[in-house]
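Heads up, the thing below is written out as structure tokens.
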Amino acid sequence: MKRLSLIIALTLTLPAAWAQVKPCEELKTEIAAKLDANGVKNYTLEIVANEQVRDRKVVGSCEGGSKKIVYVRN
């Protein structure tokens, strides 16, 4: 539950400007650094097209909103 709260907090605190033009790999690296700094382990971040999100947790949006970064707990 603590990890889920952290992910929700990260999602809400990501600046809206990131979603406009930030490259996906750069954003993915920044999100991973925040998760690691907060002690989150056993996760995967994936860059997917909007239509491939399905039921996964979105933690970032990049390349003008055309792609999402999703969190998958291992």
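So you can find residues: chains in the structure tokens are A, B, ... in the order shown, residues in each start at 1, and ligands are numbered from 1 in order.
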Excluding Lys57 of chain A and residues on its chain fewer than 5 positions from it, collect all residues at most 9 Å away from it, counting only C-alpha atoms, and give them as number ranges by chain.
A: 7, 69-72
Residues near Asn74 of chain A, cut-off 8 Å, only C-alpha atoms, skip fewer than 6 positions along chain, as a PDB file with N, CA, C and O atoms, in the first residue's frame:
```
ATOM      1  N   ASN A  42      11.732  -4.053  -7.144  1.00  0.00           N
ATOM      2  CA  ASN A  42      10.973  -5.033  -7.933  1.00  0.00           C
ATOM      3  C   ASN A  42       9.873  -4.391  -8.772  1.00  0.00           C
ATOM      4  O   ASN A  42       8.697  -4.701  -8.639  1.00  0.00           O
ATOM      5  N   TYR A  43      10.265  -3.493  -9.638  1.00  0.00           N
ATOM      6  CA  TYR A  43       9.321  -2.854 -10.537  1.00  0.00           C
ATOM      7  C   TYR A  43       9.938  -2.742 -11.924  1.00  0.00           C
ATOM      8  O   TYR A  43      11.136  -2.877 -12.105  1.00  0.00           O
ATOM      9  N   THR A  44       9.092  -2.490 -12.892  1.00  0.00           N
ATOM     10  CA  THR A  44       9.534  -2.239 -14.260  1.00  0.00           C
ATOM     11  C   THR A  44       8.782  -1.023 -14.772  1.00  0.00           C
ATOM     12  O   THR A  44       7.577  -0.892 -14.533  1.00  0.00           O
TER      13      THR A  44
END
```
If we count only C-alpha atoms and set the cut-off at 12 Å, which residues sit around Val48 of chain A, ignoring sequence neighbours fewer than 6 positions away in its own chain? Please answer as a list in words.
Cys24, Glu25, Lys28, Arg54, Arg56, Lys57, Val58, Val59, Gly60, Ser61, Cys62, Glu63, Gly65, Ser66, Lys67, Lys68, Ile69, Val70 and Tyr71 of chain A
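Atom CA of Glu51 of chain A to atom CA of Lys34 of chain A spans 25.9 Å [interatomic distance, one decimal].
For the pair atom CA of Lys41 of chain A and atom CA of Val21 of chain A, the separation is 28.3 Å.
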